[in-house]
Amino acid sequence: MEKRSRGGNPPLNQTLQVPAVTPRKERRPSMFEKEAYTQILRERLKESFHDVQYVEPPFDESVTDIGKEWKNALAKLRFANSYRMEPLKKFQAYSVQTKVQQILKEILKDVKYDDKVFSHLSLELADRILLAVKEFGYYRYKFIIKVLFIQKTGQAINIASRWIWDVTWDSWVAAQHETETYVALALVFALYCE
């Protein structure tokens, strides 16, 4: 049984633990600084289609009086509805299919079937296909990419997907690349968000 002493030096068989020194993080600007107000708004509106040309901050001599109300109003910033019920550019299935087919052929031309490699390759392919589809500029479309690798062992396979969507604007594309040992199937679902 160990004897514990009050205060003083620690027992000889125990060592002191020194906390690791971590580098200091850069300080975020406060929303109450005049120069930082515009910067914070631009960061929050970065993914928006609206351009922020000029922001007039609500500064008086008494910034502390409006602190909490102003902070809550800033967090709930909303834009007026555009009342756009249809896309500016409709999803072109044929052009997307040719692009996806080209990506599959380019990446998988000399690849042999290996389930360990394909688990990472499917994620990489999905990311690359998503970037290529976004370059077409279909605004307000959400894309879902599924990449499947199926080993050829003489079996039959049925693949089904089920969605609730608007038939006029939503669409999907399938592209495949076939070799002697496997079949690669890429599915792209385009869903229009009003």
# chains A, B, ... in the order shown; residues from 1 in each chain; ligands from 1

call {"tool": "residues_around", "arguments": {"residues": "Ala93 (chain A)", "least_positions_apart": "3", "cutoff": "9 Å", "atoms": "only C-alpha atoms", "output": "JSON list (two decimals) with all heavy atoms, in the first residue's frame"}}
result
[["chain", "number", "residue", "atom", "x", "y", "z"],
["A", 96, "VAL", "N", -23.68, 14.37, -69.64],
["A", 96, "VAL", "CA", -23.14, 13.87, -68.38],
["A", 96, "VAL", "C", -22.73, 12.41, -68.53],
["A", 96, "VAL", "O", -21.68, 12.00, -68.04],
["A", 96, "VAL", "CB", -24.18, 14.04, -67.24],
["A", 96, "VAL", "CG1", -23.72, 13.34, -65.98],
["A", 96, "VAL", "CG2", -24.43, 15.51, -66.96],
["A", 97, "GLN", "N", -23.52, 11.62, -69.26],
["A", 97, "GLN", "CA", -23.19, 10.21, -69.43],
["A", 97, "GLN", "C", -21.88, 10.04, -70.20],
["A", 97, "GLN", "O", -21.05, 9.20, -69.83],
["A", 97, "GLN", "CB", -24.32, 9.49, -70.16],
["A", 97, "GLN", "CG", -24.08, 8.01, -70.29],
["A", 97, "GLN", "CD", -25.23, 7.30, -70.98],
["A", 97, "GLN", "OE1", -26.08, 7.93, -71.60],
["A", 97, "GLN", "NE2", -25.25, 5.99, -70.87],
["A", 98, "THR", "N", -21.65, 10.83, -71.24],
["A", 98, "THR", "CA", -20.40, 10.71, -71.98],
["A", 98, "THR", "C", -19.21, 11.12, -71.12],
["A", 98, "THR", "O", -18.15, 10.50, -71.20],
["A", 98, "THR", "CB", -20.43, 11.56, -73.27],
["A", 98, "THR", "OG1", -20.73, 12.92, -72.92],
["A", 98, "THR", "CG2", -21.43, 11.03, -74.25],
["A", 171, "SER", "N", -33.47, 13.68, -62.87],
["A", 171, "SER", "CA", -33.05, 12.67, -63.84],
["A", 171, "SER", "C", -31.92, 11.83, -63.26],
["A", 171, "SER", "O", -31.42, 12.11, -62.17],
["A", 171, "SER", "CB", -32.59, 13.35, -65.13],
["A", 171, "SER", "OG", -32.32, 12.38, -66.12],
["A", 172, "TRP", "N", -31.50, 10.83, -64.01],
["A", 172, "TRP", "CA", -30.38, 10.00, -63.60],
["A", 172, "TRP", "C", -29.65, 9.49, -64.83],
["A", 172, "TRP", "O", -30.17, 9.49, -65.93],
["A", 172, "TRP", "CB", -30.85, 8.83, -62.74],
["A", 172, "TRP", "CG", -31.70, 7.83, -63.46],
["A", 172, "TRP", "CD1", -33.01, 7.95, -63.77],
["A", 172, "TRP", "CD2", -31.27, 6.58, -63.98],
["A", 172, "TRP", "NE1", -33.44, 6.85, -64.44],
["A", 172, "TRP", "CE2", -32.39, 5.98, -64.59],
["A", 172, "TRP", "CE3", -30.06, 5.90, -63.98],
["A", 172, "TRP", "CZ2", -32.33, 4.74, -65.19],
["A", 172, "TRP", "CZ3", -30.01, 4.66, -64.59],
["A", 172, "TRP", "CH2", -31.13, 4.09, -65.17],
["A", 173, "VAL", "N", -28.39, 9.09, -64.59],
["A", 173, "VAL", "CA", -27.52, 8.62, -65.66],
["A", 173, "VAL", "C", -26.77, 7.39, -65.16],
["A", 173, "VAL", "O", -26.36, 7.35, -64.00],
["A", 173, "VAL", "CB", -26.49, 9.72, -66.04],
["A", 173, "VAL", "CG1", -25.41, 9.18, -66.93],
["A", 173, "VAL", "CG2", -27.19, 10.88, -66.70]]

call {"tool": "residues_around", "arguments": {"residues": "Glu178 (chain A)", "least_positions_apart": "5", "cutoff": "10 Å", "atoms": "only C-alpha atoms", "output": "ChimeraX atom specification"}}
result
/A:104-105,108-109,149-150,152,183-185

call {"tool": "write_last_selection", "arguments": {"atoms": "N, CA and C atoms", "output": "tab-separated table (two decimals), in the first residue's frame"}}
result
chain	number	residue	atom	x	y	z
A	104	LEU	N	-14.55	6.90	-66.36
A	104	LEU	CA	-14.41	5.48	-66.03
A	104	LEU	C	-13.34	4.81	-66.89
A	105	LYS	N	-13.36	5.09	-68.20
A	105	LYS	CA	-12.36	4.48	-69.10
A	105	LYS	C	-10.95	4.97	-68.76
A	108	LEU	N	-9.91	3.38	-65.13
A	108	LEU	CA	-9.95	1.93	-64.96
A	108	LEU	C	-9.35	1.15	-66.14
A	109	LYS	N	-8.59	1.78	-67.00
A	109	LYS	CA	-8.13	1.09	-68.21
A	109	LYS	C	-7.20	-0.09	-67.93
A	149	PHE	N	-18.61	-1.80	-57.98
A	149	PHE	CA	-17.71	-2.73	-58.66
A	149	PHE	C	-18.26	-4.14	-58.44
A	150	ILE	N	-18.49	-4.87	-59.52
A	150	ILE	CA	-19.06	-6.21	-59.44
A	150	ILE	C	-18.08	-7.18	-60.08
A	152	LYS	N	-16.90	-10.49	-61.83
A	152	LYS	CA	-17.53	-11.44	-62.74
A	152	LYS	C	-17.20	-12.86	-62.29
A	183	VAL	N	-17.12	-5.54	-63.55
A	183	VAL	CA	-17.92	-4.50	-64.20
A	183	VAL	C	-17.99	-3.33	-63.23
A	184	ALA	N	-17.68	-2.16	-63.70
A	184	ALA	CA	-17.80	-0.94	-62.89
A	184	ALA	C	-19.04	-0.18	-63.35
A	185	LEU	N	-19.90	0.15	-62.42
A	185	LEU	CA	-21.14	0.85	-62.74
A	185	LEU	C	-21.19	2.14	-61.94

call {"tool": "closest_residue", "arguments": {"among": "A:Ala160, A:Val117, A:Leu125, A:Leu187", "to": "Lys146 (chain A)", "atoms": "only C-alpha atoms"}}
result
A:Leu187

call {"tool": "closest_residue", "arguments": {"among": "A:Tyr182, A:Asp110, A:Glu194, A:Leu131", "to": "Gln155 (chain A)", "atoms": "only C-alpha atoms"}}
result
A:Tyr182

call {"tool": "select_by_dssp", "arguments": {"residues": "region 55-186 of chain A", "states": "helix (DSSP H, G or I)", "output": "mmCIF file with N, CA, C and O atoms, in the first residue's frame"}}
result
data_model
loop_
_atom_site.group_PDB
_atom_site.id
_atom_site.type_symbol
_atom_site.label_atom_id
_atom_site.label_comp_id
_atom_site.auth_asym_id
_atom_site.auth_seq_id
_atom_site.Cartn_x
_atom_site.Cartn_y
_atom_site.Cartn_z
ATOM 1 N N THR A 64 -22.569 48.016 -27.225
ATOM 2 C CA THR A 64 -22.910 47.034 -26.202
ATOM 3 C C THR A 64 -24.416 46.953 -25.965
ATOM 4 O O THR A 64 -24.908 45.919 -25.532
ATOM 5 N N ASP A 65 -25.160 48.011 -26.262
ATOM 6 C CA ASP A 65 -26.606 47.989 -26.026
ATOM 7 C C ASP A 65 -27.318 47.030 -26.975
ATOM 8 O O ASP A 65 -28.306 46.423 -26.607
ATOM 9 N N ILE A 66 -26.828 46.932 -28.197
ATOM 10 C CA ILE A 66 -27.525 46.115 -29.187
ATOM 11 C C ILE A 66 -26.892 44.733 -29.355
ATOM 12 O O ILE A 66 -27.306 43.961 -30.193
ATOM 13 N N GLY A 67 -25.918 44.388 -28.532
ATOM 14 C CA GLY A 67 -25.121 43.176 -28.675
ATOM 15 C C GLY A 67 -25.879 41.908 -28.964
ATOM 16 O O GLY A 67 -25.747 41.325 -30.031
ATOM 17 N N LYS A 68 -26.714 41.445 -28.040
ATOM 18 C CA LYS A 68 -27.358 40.152 -28.195
ATOM 19 C C LYS A 68 -28.406 40.149 -29.301
ATOM 20 O O LYS A 68 -28.510 39.196 -30.062
ATOM 21 N N GLU A 69 -29.202 41.199 -29.410
ATOM 22 C CA GLU A 69 -30.223 41.242 -30.450
ATOM 23 C C GLU A 69 -29.578 41.245 -31.834
ATOM 24 O O GLU A 69 -30.036 40.592 -32.763
ATOM 25 N N TRP A 70 -28.497 42.016 -31.967
ATOM 26 C CA TRP A 70 -27.816 42.119 -33.260
ATOM 27 C C TRP A 70 -27.184 40.792 -33.650
ATOM 28 O O TRP A 70 -27.235 40.361 -34.780
ATOM 29 N N LYS A 71 -26.588 40.092 -32.673
ATOM 30 C CA LYS A 71 -25.962 38.805 -32.939
ATOM 31 C C LYS A 71 -27.006 37.789 -33.391
ATOM 32 O O LYS A 71 -26.786 37.033 -34.328
ATOM 33 N N ASN A 72 -28.160 37.750 -32.754
ATOM 34 C CA ASN A 72 -29.227 36.824 -33.158
ATOM 35 C C ASN A 72 -29.756 37.161 -34.546
ATOM 36 O O ASN A 72 -30.056 36.274 -35.339
ATOM 37 N N ALA A 73 -29.893 38.442 -34.861
ATOM 38 C CA ALA A 73 -30.382 38.843 -36.181
ATOM 39 C C ALA A 73 -29.381 38.466 -37.260
ATOM 40 O O ALA A 73 -29.751 38.071 -38.358
ATOM 41 N N LEU A 74 -28.095 38.567 -36.957
ATOM 42 C CA LEU A 74 -27.061 38.218 -37.931
ATOM 43 C C LEU A 74 -27.070 36.729 -38.225
ATOM 44 O O LEU A 74 -26.888 36.305 -39.354
ATOM 45 N N ALA A 75 -27.336 35.900 -37.217
ATOM 46 C CA ALA A 75 -27.337 34.454 -37.405
ATOM 47 C C ALA A 75 -28.521 33.995 -38.248
ATOM 48 O O ALA A 75 -28.466 32.977 -38.906
ATOM 49 N N ALA A 93 -28.732 14.714 -69.731
ATOM 50 C CA ALA A 93 -28.290 13.370 -69.364
ATOM 51 C C ALA A 93 -27.213 12.847 -70.318
ATOM 52 O O ALA A 93 -26.256 12.203 -69.888
ATOM 53 N N TYR A 94 -27.343 13.123 -71.606
ATOM 54 C CA TYR A 94 -26.400 12.561 -72.569
ATOM 55 C C TYR A 94 -24.990 13.113 -72.374
ATOM 56 O O TYR A 94 -24.014 12.358 -72.385
ATOM 57 N N SER A 95 -24.871 14.416 -72.172
ATOM 58 C CA SER A 95 -23.540 15.003 -72.000
ATOM 59 C C SER A 95 -22.880 14.522 -70.698
ATOM 60 O O SER A 95 -21.675 14.283 -70.654
ATOM 61 N N VAL A 96 -23.682 14.373 -69.642
ATOM 62 C CA VAL A 96 -23.145 13.874 -68.384
ATOM 63 C C VAL A 96 -22.729 12.410 -68.530
ATOM 64 O O VAL A 96 -21.677 12.000 -68.037
ATOM 65 N N GLN A 97 -23.520 11.624 -69.259
ATOM 66 C CA GLN A 97 -23.194 10.214 -69.433
ATOM 67 C C GLN A 97 -21.876 10.039 -70.197
ATOM 68 O O GLN A 97 -21.051 9.202 -69.830
ATOM 69 N N THR A 98 -21.654 10.825 -71.236
ATOM 70 C CA THR A 98 -20.402 10.712 -71.985
ATOM 71 C C THR A 98 -19.205 11.116 -71.119
ATOM 72 O O THR A 98 -18.148 10.500 -71.196
ATOM 73 N N LYS A 99 -19.376 12.137 -70.279
ATOM 74 C CA LYS A 99 -18.295 12.572 -69.396
ATOM 75 C C LYS A 99 -17.978 11.499 -68.344
ATOM 76 O O LYS A 99 -16.810 11.199 -68.083
ATOM 77 N N VAL A 100 -19.009 10.898 -67.762
ATOM 78 C CA VAL A 100 -18.805 9.853 -66.757
ATOM 79 C C VAL A 100 -18.160 8.622 -67.400
ATOM 80 O O VAL A 100 -17.253 8.013 -66.831
ATOM 81 N N GLN A 101 -18.610 8.274 -68.602
ATOM 82 C CA GLN A 101 -18.029 7.138 -69.325
ATOM 83 C C GLN A 101 -16.543 7.393 -69.604
ATOM 84 O O GLN A 101 -15.720 6.496 -69.457
ATOM 85 N N GLN A 102 -16.212 8.606 -69.977
ATOM 86 C CA GLN A 102 -14.822 8.972 -70.243
ATOM 87 C C GLN A 102 -13.968 8.854 -68.975
ATOM 88 O O GLN A 102 -12.842 8.352 -69.025
ATOM 89 N N ILE A 103 -14.488 9.289 -67.846
ATOM 90 C CA ILE A 103 -13.753 9.197 -66.576
ATOM 91 C C ILE A 103 -13.527 7.733 -66.193
ATOM 92 O O ILE A 103 -12.434 7.355 -65.770
ATOM 93 N N LEU A 104 -14.552 6.896 -66.358
ATOM 94 C CA LEU A 104 -14.406 5.480 -66.030
ATOM 95 C C LEU A 104 -13.338 4.814 -66.889
ATOM 96 O O LEU A 104 -12.499 4.063 -66.399
ATOM 97 N N LYS A 105 -13.355 5.088 -68.198
ATOM 98 C CA LYS A 105 -12.362 4.483 -69.096
ATOM 99 C C LYS A 105 -10.950 4.965 -68.758
ATOM 100 O O LYS A 105 -10.000 4.196 -68.775
ATOM 101 N N GLU A 106 -10.832 6.235 -68.450
ATOM 102 C CA GLU A 106 -9.522 6.826 -68.167
ATOM 103 C C GLU A 106 -8.891 6.232 -66.904
ATOM 104 O O GLU A 106 -7.708 5.892 -66.887
ATOM 105 N N ILE A 107 -9.671 6.087 -65.848
ATOM 106 C CA ILE A 107 -9.112 5.629 -64.581
ATOM 107 C C ILE A 107 -8.976 4.103 -64.522
ATOM 108 O O ILE A 107 -8.020 3.583 -63.963
ATOM 109 N N LEU A 108 -9.907 3.379 -65.132
ATOM 110 C CA LEU A 108 -9.946 1.929 -64.964
ATOM 111 C C LEU A 108 -9.354 1.148 -66.135
ATOM 112 O O LEU A 108 -9.591 -0.053 -66.244
ATOM 113 N N ASP A 115 -10.568 -6.343 -54.288
ATOM 114 C CA ASP A 115 -11.585 -5.726 -53.442
ATOM 115 C C ASP A 115 -11.013 -4.692 -52.484
ATOM 116 O O ASP A 115 -11.670 -3.713 -52.150
ATOM 117 N N LYS A 116 -9.768 -4.839 -52.051
ATOM 118 C CA LYS A 116 -9.163 -3.858 -51.140
ATOM 119 C C LYS A 116 -8.870 -2.544 -51.859
ATOM 120 O O LYS A 116 -9.037 -1.466 -51.303
ATOM 121 N N VAL A 117 -8.455 -2.633 -53.100
ATOM 122 C CA VAL A 117 -8.165 -1.423 -53.885
ATOM 123 C C VAL A 117 -9.471 -0.724 -54.268
ATOM 124 O O VAL A 117 -9.568 0.504 -54.238
ATOM 125 N N PHE A 118 -10.489 -1.515 -54.596
ATOM 126 C CA PHE A 118 -11.744 -0.929 -55.076
ATOM 127 C C PHE A 118 -12.517 -0.193 -53.993
ATOM 128 O O PHE A 118 -13.317 0.679 -54.301
ATOM 129 N N SER A 119 -12.307 -0.521 -52.732
ATOM 130 C CA SER A 119 -13.010 0.220 -51.684
ATOM 131 C C SER A 119 -12.568 1.682 -51.661
ATOM 132 O O SER A 119 -13.376 2.587 -51.475
ATOM 133 N N HIS A 120 -11.286 1.928 -51.901
ATOM 134 C CA HIS A 120 -10.791 3.307 -51.953
ATOM 135 C C HIS A 120 -11.029 3.918 -53.332
ATOM 136 O O HIS A 120 -11.309 5.110 -53.450
ATOM 137 N N LEU A 121 -10.926 3.106 -54.362
ATOM 138 C CA LEU A 121 -11.088 3.601 -55.721
ATOM 139 C C LEU A 121 -12.521 4.059 -55.990
ATOM 140 O O LEU A 121 -12.744 5.017 -56.726
ATOM 141 N N SER A 122 -13.494 3.393 -55.381
ATOM 142 C CA SER A 122 -14.885 3.810 -55.578
ATOM 143 C C SER A 122 -15.135 5.199 -55.004
ATOM 144 O O SER A 122 -15.839 6.020 -55.602
ATOM 145 N N LEU A 123 -14.544 5.501 -53.838
ATOM 146 C CA LEU A 123 -14.682 6.844 -53.257
ATOM 147 C C LEU A 123 -13.998 7.893 -54.122
ATOM 148 O O LEU A 123 -14.538 8.984 -54.346
ATOM 149 N N GLU A 124 -12.813 7.558 -54.607
ATOM 150 C CA GLU A 124 -12.079 8.490 -55.458
ATOM 151 C C GLU A 124 -12.830 8.754 -56.765
ATOM 152 O O GLU A 124 -12.926 9.899 -57.221
ATOM 153 N N LEU A 125 -13.388 7.692 -57.348
ATOM 154 C CA LEU A 125 -14.164 7.857 -58.580
ATOM 155 C C LEU A 125 -15.414 8.703 -58.343
ATOM 156 O O LEU A 125 -15.754 9.553 -59.173
ATOM 157 N N ALA A 126 -16.107 8.462 -57.252
ATOM 158 C CA ALA A 126 -17.319 9.226 -56.948
ATOM 159 C C ALA A 126 -16.997 10.707 -56.790
ATOM 160 O O ALA A 126 -17.731 11.569 -57.298
ATOM 161 N N ASP A 127 -15.902 11.028 -56.111
ATOM 162 C CA ASP A 127 -15.504 12.432 -55.947
ATOM 163 C C ASP A 127 -15.148 13.067 -57.290
ATOM 164 O O ASP A 127 -15.530 14.200 -57.567
ATOM 165 N N ARG A 128 -14.435 12.323 -58.098
ATOM 166 C CA ARG A 128 -14.027 12.867 -59.402
ATOM 167 C C ARG A 128 -15.232 13.066 -60.323
ATOM 168 O O ARG A 128 -15.314 14.065 -61.042
ATOM 169 N N ILE A 129 -16.168 12.140 -60.297
ATOM 170 C CA ILE A 129 -17.388 12.272 -61.111
ATOM 171 C C ILE A 129 -18.211 13.454 -60.623
ATOM 172 O O ILE A 129 -18.738 14.227 -61.430
ATOM 173 N N LEU A 130 -18.312 13.618 -59.311
ATOM 174 C CA LEU A 130 -19.077 14.741 -58.761
ATOM 175 C C LEU A 130 -18.489 16.076 -59.197
ATOM 176 O O LEU A 130 -19.217 16.992 -59.597
ATOM 177 N N LEU A 131 -17.162 16.204 -59.142
ATOM 178 C CA LEU A 131 -16.521 17.443 -59.591
ATOM 179 C C LEU A 131 -16.768 17.692 -61.075
ATOM 180 O O LEU A 131 -17.010 18.826 -61.497
ATOM 181 N N ALA A 132 -16.710 16.635 -61.876
ATOM 182 C CA ALA A 132 -16.925 16.788 -63.317
ATOM 183 C C ALA A 132 -18.358 17.195 -63.623
ATOM 184 O O ALA A 132 -18.607 18.025 -64.503
ATOM 185 N N VAL A 133 -19.320 16.638 -62.893
ATOM 186 C CA VAL A 133 -20.730 16.977 -63.128
ATOM 187 C C VAL A 133 -21.014 18.404 -62.678
ATOM 188 O O VAL A 133 -21.774 19.130 -63.327
ATOM 189 N N LYS A 134 -20.394 18.838 -61.591
ATOM 190 C CA LYS A 134 -20.605 20.212 -61.115
ATOM 191 C C LYS A 134 -20.043 21.243 -62.087
ATOM 192 O O LYS A 134 -20.506 22.372 -62.116
#

call {"tool": "closest_residue", "arguments": {"among": "A:Glu180, A:Trp169, A:Glu86, A:Ala174", "to": "Gly154 (chain A)", "atoms": "only C-alpha atoms"}}
result
A:Glu180

call {"tool": "residues_around", "arguments": {"residues": "Ile144 (chain A)", "least_positions_apart": "5", "cutoff": "7 Å", "atoms": "only C-alpha atoms", "output": "compact mmCIF listing (two decimals) with N, CA and C atoms, in the first residue's frame"}}
result
# COMPACT_ATOMS: atom_id res chain seq x y z
N VAL A 188 -25.45 8.38 -61.53
CA VAL A 188 -25.51 9.79 -61.15
C VAL A 188 -26.97 10.19 -61.10
N PHE A 189 -27.43 10.63 -59.92
CA PHE A 189 -28.80 11.08 -59.73
C PHE A 189 -28.78 12.60 -59.58
N ALA A 190 -29.56 13.29 -60.40
CA ALA A 190 -29.63 14.76 -60.35
C ALA A 190 -31.01 15.16 -59.85

call {"tool": "closest_residue", "arguments": {"among": "A:Phe136, A:Val111, A:Lys90, A:Ile145", "to": "Asp170 (chain A)", "atoms": "only C-alpha atoms"}}
result
A:Lys90

call {"tool": "decode", "arguments": {"residues": "region 97-121 of chain A", "atoms": "N, CA, C and O atoms", "output": "PDB file, in the first residue's frame"}}
result
ATOM      1  N   GLN A  97     -23.520  11.624 -69.259  1.00  0.00           N
ATOM      2  CA  GLN A  97     -23.194  10.214 -69.433  1.00  0.00           C
ATOM      3  C   GLN A  97     -21.876  10.039 -70.197  1.00  0.00           C
ATOM      4  O   GLN A  97     -21.051   9.202 -69.830  1.00  0.00           O
ATOM      5  N   THR A  98     -21.654  10.825 -71.236  1.00  0.00           N
ATOM      6  CA  THR A  98     -20.402  10.712 -71.985  1.00  0.00           C
ATOM      7  C   THR A  98     -19.205  11.116 -71.119  1.00  0.00           C
ATOM      8  O   THR A  98     -18.148  10.500 -71.196  1.00  0.00           O
ATOM      9  N   LYS A  99     -19.376  12.137 -70.279  1.00  0.00           N
ATOM     10  CA  LYS A  99     -18.295  12.572 -69.396  1.00  0.00           C
ATOM     11  C   LYS A  99     -17.978  11.499 -68.344  1.00  0.00           C
ATOM     12  O   LYS A  99     -16.810  11.199 -68.083  1.00  0.00           O
ATOM     13  N   VAL A 100     -19.009  10.898 -67.762  1.00  0.00           N
ATOM     14  CA  VAL A 100     -18.805   9.853 -66.757  1.00  0.00           C
ATOM     15  C   VAL A 100     -18.160   8.622 -67.400  1.00  0.00           C
ATOM     16  O   VAL A 100     -17.253   8.013 -66.831  1.00  0.00           O
ATOM     17  N   GLN A 101     -18.610   8.274 -68.602  1.00  0.00           N
ATOM     18  CA  GLN A 101     -18.029   7.138 -69.325  1.00  0.00           C
ATOM     19  C   GLN A 101     -16.543   7.393 -69.604  1.00  0.00           C
ATOM     20  O   GLN A 101     -15.720   6.496 -69.457  1.00  0.00           O
ATOM     21  N   GLN A 102     -16.212   8.606 -69.977  1.00  0.00           N
ATOM     22  CA  GLN A 102     -14.822   8.972 -70.243  1.00  0.00           C
ATOM     23  C   GLN A 102     -13.968   8.854 -68.975  1.00  0.00           C
ATOM     24  O   GLN A 102     -12.842   8.352 -69.025  1.00  0.00           O
ATOM     25  N   ILE A 103     -14.488   9.289 -67.846  1.00  0.00           N
ATOM     26  CA  ILE A 103     -13.753   9.197 -66.576  1.00  0.00           C
ATOM     27  C   ILE A 103     -13.527   7.733 -66.193  1.00  0.00           C
ATOM     28  O   ILE A 103     -12.434   7.355 -65.770  1.00  0.00           O
ATOM     29  N   LEU A 104     -14.552   6.896 -66.358  1.00  0.00           N
ATOM     30  CA  LEU A 104     -14.406   5.480 -66.030  1.00  0.00           C
ATOM     31  C   LEU A 104     -13.338   4.814 -66.889  1.00  0.00           C
ATOM     32  O   LEU A 104     -12.499   4.063 -66.399  1.00  0.00           O
ATOM     33  N   LYS A 105     -13.355   5.088 -68.198  1.00  0.00           N
ATOM     34  CA  LYS A 105     -12.362   4.483 -69.096  1.00  0.00           C
ATOM     35  C   LYS A 105     -10.950   4.965 -68.758  1.00  0.00           C
ATOM     36  O   LYS A 105     -10.000   4.196 -68.775  1.00  0.00           O
ATOM     37  N   GLU A 106     -10.832   6.235 -68.450  1.00  0.00           N
ATOM     38  CA  GLU A 106      -9.522   6.826 -68.167  1.00  0.00           C
ATOM     39  C   GLU A 106      -8.891   6.232 -66.904  1.00  0.00           C
ATOM     40  O   GLU A 106      -7.708   5.892 -66.887  1.00  0.00           O
ATOM     41  N   ILE A 107      -9.671   6.087 -65.848  1.00  0.00           N
ATOM     42  CA  ILE A 107      -9.112   5.629 -64.581  1.00  0.00           C
ATOM     43  C   ILE A 107      -8.976   4.103 -64.522  1.00  0.00           C
ATOM     44  O   ILE A 107      -8.020   3.583 -63.963  1.00  0.00           O
ATOM     45  N   LEU A 108      -9.907   3.379 -65.132  1.00  0.00           N
ATOM     46  CA  LEU A 108      -9.946   1.929 -64.964  1.00  0.00           C
ATOM     47  C   LEU A 108      -9.354   1.148 -66.135  1.00  0.00           C
ATOM     48  O   LEU A 108      -9.591  -0.053 -66.244  1.00  0.00           O
ATOM     49  N   LYS A 109      -8.586   1.779 -67.003  1.00  0.00           N
ATOM     50  CA  LYS A 109      -8.128   1.089 -68.211  1.00  0.00           C
ATOM     51  C   LYS A 109      -7.203  -0.087 -67.925  1.00  0.00           C
ATOM     52  O   LYS A 109      -7.265  -1.099 -68.587  1.00  0.00           O
ATOM     53  N   ASP A 110      -6.329  -0.027 -66.929  1.00  0.00           N
ATOM     54  CA  ASP A 110      -5.386  -1.115 -66.645  1.00  0.00           C
ATOM     55  C   ASP A 110      -5.541  -1.676 -65.232  1.00  0.00           C
ATOM     56  O   ASP A 110      -4.592  -2.224 -64.675  1.00  0.00           O
ATOM     57  N   VAL A 111      -6.723  -1.561 -64.647  1.00  0.00           N
ATOM     58  CA  VAL A 111      -6.930  -1.991 -63.267  1.00  0.00           C
ATOM     59  C   VAL A 111      -7.506  -3.403 -63.248  1.00  0.00           C
ATOM     60  O   VAL A 111      -8.473  -3.699 -63.936  1.00  0.00           O
ATOM     61  N   LYS A 112      -6.899  -4.284 -62.449  1.00  0.00           N
ATOM     62  CA  LYS A 112      -7.397  -5.647 -62.239  1.00  0.00           C
ATOM     63  C   LYS A 112      -8.264  -5.660 -60.983  1.00  0.00           C
ATOM     64  O   LYS A 112      -8.125  -4.803 -60.113  1.00  0.00           O
ATOM     65  N   TYR A 113      -9.132  -6.673 -60.866  1.00  0.00           N
ATOM     66  CA  TYR A 113     -10.047  -6.736 -59.729  1.00  0.00           C
ATOM     67  C   TYR A 113      -9.290  -7.021 -58.439  1.00  0.00           C
ATOM     68  O   TYR A 113      -8.550  -7.994 -58.334  1.00  0.00           O
ATOM     69  N   ASP A 114      -9.493  -6.159 -57.458  1.00  0.00           N
ATOM     70  CA  ASP A 114      -8.958  -6.344 -56.111  1.00  0.00           C
ATOM     71  C   ASP A 114      -9.896  -5.607 -55.161  1.00  0.00           C
ATOM     72  O   ASP A 114     -10.024  -4.376 -55.232  1.00  0.00           O
ATOM     73  N   ASP A 115     -10.568  -6.343 -54.288  1.00  0.00           N
ATOM     74  CA  ASP A 115     -11.585  -5.726 -53.442  1.00  0.00           C
ATOM     75  C   ASP A 115     -11.013  -4.692 -52.484  1.00  0.00           C
ATOM     76  O   ASP A 115     -11.670  -3.713 -52.150  1.00  0.00           O
ATOM     77  N   LYS A 116      -9.768  -4.839 -52.051  1.00  0.00           N
ATOM     78  CA  LYS A 116      -9.163  -3.858 -51.140  1.00  0.00           C
ATOM     79  C   LYS A 116      -8.870  -2.544 -51.859  1.00  0.00           C
ATOM     80  O   LYS A 116      -9.037  -1.466 -51.303  1.00  0.00           O
ATOM     81  N   VAL A 117      -8.455  -2.633 -53.100  1.00  0.00           N
ATOM     82  CA  VAL A 117      -8.165  -1.423 -53.885  1.00  0.00           C
ATOM     83  C   VAL A 117      -9.471  -0.724 -54.268  1.00  0.00           C
ATOM     84  O   VAL A 117      -9.568   0.504 -54.238  1.00  0.00           O
ATOM     85  N   PHE A 118     -10.489  -1.515 -54.596  1.00  0.00           N
ATOM     86  CA  PHE A 118     -11.744  -0.929 -55.076  1.00  0.00           C
ATOM     87  C   PHE A 118     -12.517  -0.193 -53.993  1.00  0.00           C
ATOM     88  O   PHE A 118     -13.317   0.679 -54.301  1.00  0.00           O
ATOM     89  N   SER A 119     -12.307  -0.521 -52.732  1.00  0.00           N
ATOM     90  CA  SER A 119     -13.010   0.220 -51.684  1.00  0.00           C
ATOM     91  C   SER A 119     -12.568   1.682 -51.661  1.00  0.00           C
ATOM     92  O   SER A 119     -13.376   2.587 -51.475  1.00  0.00           O
ATOM     93  N   HIS A 120     -11.286   1.928 -51.901  1.00  0.00           N
ATOM     94  CA  HIS A 120     -10.791   3.307 -51.953  1.00  0.00           C
ATOM     95  C   HIS A 120     -11.029   3.918 -53.332  1.00  0.00           C
ATOM     96  O   HIS A 120     -11.309   5.110 -53.450  1.00  0.00           O
ATOM     97  N   LEU A 121     -10.926   3.106 -54.362  1.00  0.00           N
ATOM     98  CA  LEU A 121     -11.088   3.601 -55.721  1.00  0.00           C
ATOM     99  C   LEU A 121     -12.521   4.059 -55.990  1.00  0.00           C
ATOM    100  O   LEU A 121     -12.744   5.017 -56.726  1.00  0.00           O
TER     101      LEU A 121
END
